[in-house]
Amino acid sequence: MTAFPEPARTLWTVYADSRRRPRRIHALGVEHRDATLRMTGSPPDVVPEQESRDAYVRRVENMIYVCPWETRLRSWLAFERFRNEHAAGVAAAFVPPPLSERVMGDFEQWKRGGRPLRPHILTSTWHVPLDWFVPFARGERCLMLGTPGTGYRQPDDTSEEHGGHGPATAAPARTLVYVTSMGEARQRVSAALPVVRENLGDGTGDVYLLSAGRLETLGRWLGGFHPRALVELDYGGLVHLLDDRTLRADESVAEMAVALTGMERGEVELTVAMYKRLLARWRPVRALETAN
């Protein structure tokens with residue numbers, strides 16, 4: 001909370017104590033529902049008129065951590081990527097060109113105000129980018145499978161509703177989250193970067209593969225936040241595409257750590273084996289993007 005200047009600090013403090021805010025267990029669903037309603041209109045509401053006043057909240061001991069949704073900024077950035085990645089005719093099939101130009105014109109005007117373009121949340125569709133596993137360790141995982149008595153929880157897991165240990169809510173949840181300190185995240189990315197650059201190259205590479213360029217971009221993003229912040233990797237809606245057995249067996253973070261260790265030690269067979277396991281796990285999930 002101390003990373004926010006006034007009056008935002010006071011506003012987020014009041015928000016964190018509000019009983020009316022979306023609880024962590026429901027927040028992702030609320031975000032998704034609101035976005036779906038906006039995009040299924042005619043014409044679609046590509047970017048909300050006002051910035052969201054909601055945030056994800058986590059309490060650890062006496063500290064309150066707040067991650068603003070920033071739905072408006074994230075929608076602008078996502079639509080900008082969408083236009084850059086698709087031909088004009090394809091993009092026009094989803095958003096009429098006059099509306100598209102107005103949305104981007106509003107974004108350019110917003111940029112001229114000197115506001116930061118670094119969102120608190122990075123989002124990926126249909127998969128978790130491999131570089132996102134680097135900042136975390138296996139013991140920082142919290143897996144809950146959605147029915148009472150089947151939650152898998154690490155000793156140091158914390159939650160939003162109760163400082164320290166325990167579930168965020170009495171209701172069953174289905175979620176897979178990794179949480180680490182900003183210091184640990186930066187250190188792991190910094191240590192991995194020269195190893196990846198030497199073994200996999202310096203470019204950004206395929207969006208689905210690990211590369212020094214993508215890892216460097218992630219490191220710059222992490223470097224823009226308060227050094228005492230927390231970093232979360234949340235599988236989000238992906239947990240509803242994967243069954244219990246698949247989620248239990250998902251050791252992507254551990255496999256990435258072993259692959260990086262193998263690269264550093266020159267153990268080619270170990271590195272290739274772990275990298276193949278990662279790709280084999282995520283390729284079928286990514287393939288759902290083009291499923292009918």
# chains A, B, ... in the order shown; residues from 1 in each chain; ligands from 1

call {"tool": "residues_around", "arguments": {"residues": "Arg197 (chain A)", "least_positions_apart": "2", "cutoff": "12 Å", "atoms": "only C-alpha atoms", "output": "VMD selection string"}}
result
chain A and resid 189 to 195 199 to 205 210 to 216 260 263 to 264

call {"tool": "select_by_dssp", "arguments": {"residues": "region 195-254 of chain A", "states": "strand (DSSP E or B)", "output": "number ranges by chain"}}
result
A: 230-234

call {"tool": "select_by_dssp", "arguments": {"residues": "region 36-202 of chain A", "states": "alpha helix (DSSP H)", "output": "MDAnalysis selection string"}}
result
chainID A and resid 36:39 71:85 88:94 97:111 182:200

call {"tool": "atom_distance", "arguments": {"atom1": "CA of Val30 (chain A)", "atom2": "CA of Leu241 (chain A)"}}
result
18.4 Å

call {"tool": "closest_residue", "arguments": {"among": "A:Trp110, A:Phe225, A:Phe94, A:Phe136", "to": "Met1 (chain A)", "atoms": "only C-alpha atoms"}}
result
A:Phe225

call {"tool": "residues_around", "arguments": {"residues": "Trp282 (chain A)", "least_positions_apart": "2", "cutoff": "12 Å", "atoms": "only C-alpha atoms", "output": "list in words"}}
result
Thr125, Trp126, His127, Val128, Pro129, Leu130, Tyr208, Leu209, Leu238, Leu241, Leu242, Thr246, Asp250, Glu251, Ser252, Tyr275, Lys276, Arg277, Leu278, Leu279, Ala280, Pro284, Val285, Arg286, Ala287, Leu288 and Glu289 of chain A

call {"tool": "closest_residue", "arguments": {"among": "A:Ser42, A:Thr261, A:Thr175, A:Gln50", "to": "Ile25 (chain A)", "atoms": "only C-alpha atoms"}}
result
A:Thr175

call {"tool": "closest_residue", "arguments": {"among": "A:Ala87, A:Val46, A:Ala27, A:Met144", "to": "Asp244 (chain A)", "atoms": "only C-alpha atoms"}}
result
A:Met144

call {"tool": "residues_around", "arguments": {"residues": "Ala185 (chain A)", "least_positions_apart": "3", "cutoff": "9 Å", "atoms": "only C-alpha atoms", "output": "VMD selection string"}}
result
chain A and resid 134 to 136 180 to 182 188 to 190 219 222 230 to 231

call {"tool": "write_last_selection", "arguments": {"atoms": "C-alpha atoms", "output": "short mmCIF file (atom, residue, chain, number, x, y, z; two decimals), in the first residue's frame"}}
result
data_model
loop_
_atom_site.label_atom_id
_atom_site.label_comp_id
_atom_site.auth_asym_id
_atom_site.auth_seq_id
_atom_site.Cartn_x
_atom_site.Cartn_y
_atom_site.Cartn_z
CA VAL A 134 11.06 -18.22 -14.17
CA PRO A 135 10.34 -15.83 -11.24
CA PHE A 136 8.82 -18.56 -9.06
CA THR A 180 6.70 -14.75 -4.34
CA SER A 181 8.42 -11.58 -3.17
CA MET A 182 9.51 -8.99 -5.70
CA ARG A 188 15.60 -15.35 -10.40
CA VAL A 189 14.96 -13.51 -13.65
CA SER A 190 18.33 -11.75 -13.42
CA GLY A 219 12.58 -8.21 -15.95
CA LEU A 222 9.19 -6.28 -12.59
CA LEU A 230 4.57 -9.36 -4.17
CA VAL A 231 4.37 -11.08 -7.56
#

call {"tool": "atom_distance", "arguments": {"atom1": "CA of Ala3 (chain A)", "atom2": "CA of Arg228 (chain A)"}}
result
8.9 Å

call {"tool": "atom_distance", "arguments": {"atom1": "CA of Arg59 (chain A)", "atom2": "CA of Thr13 (chain A)"}}
result
11.5 Å
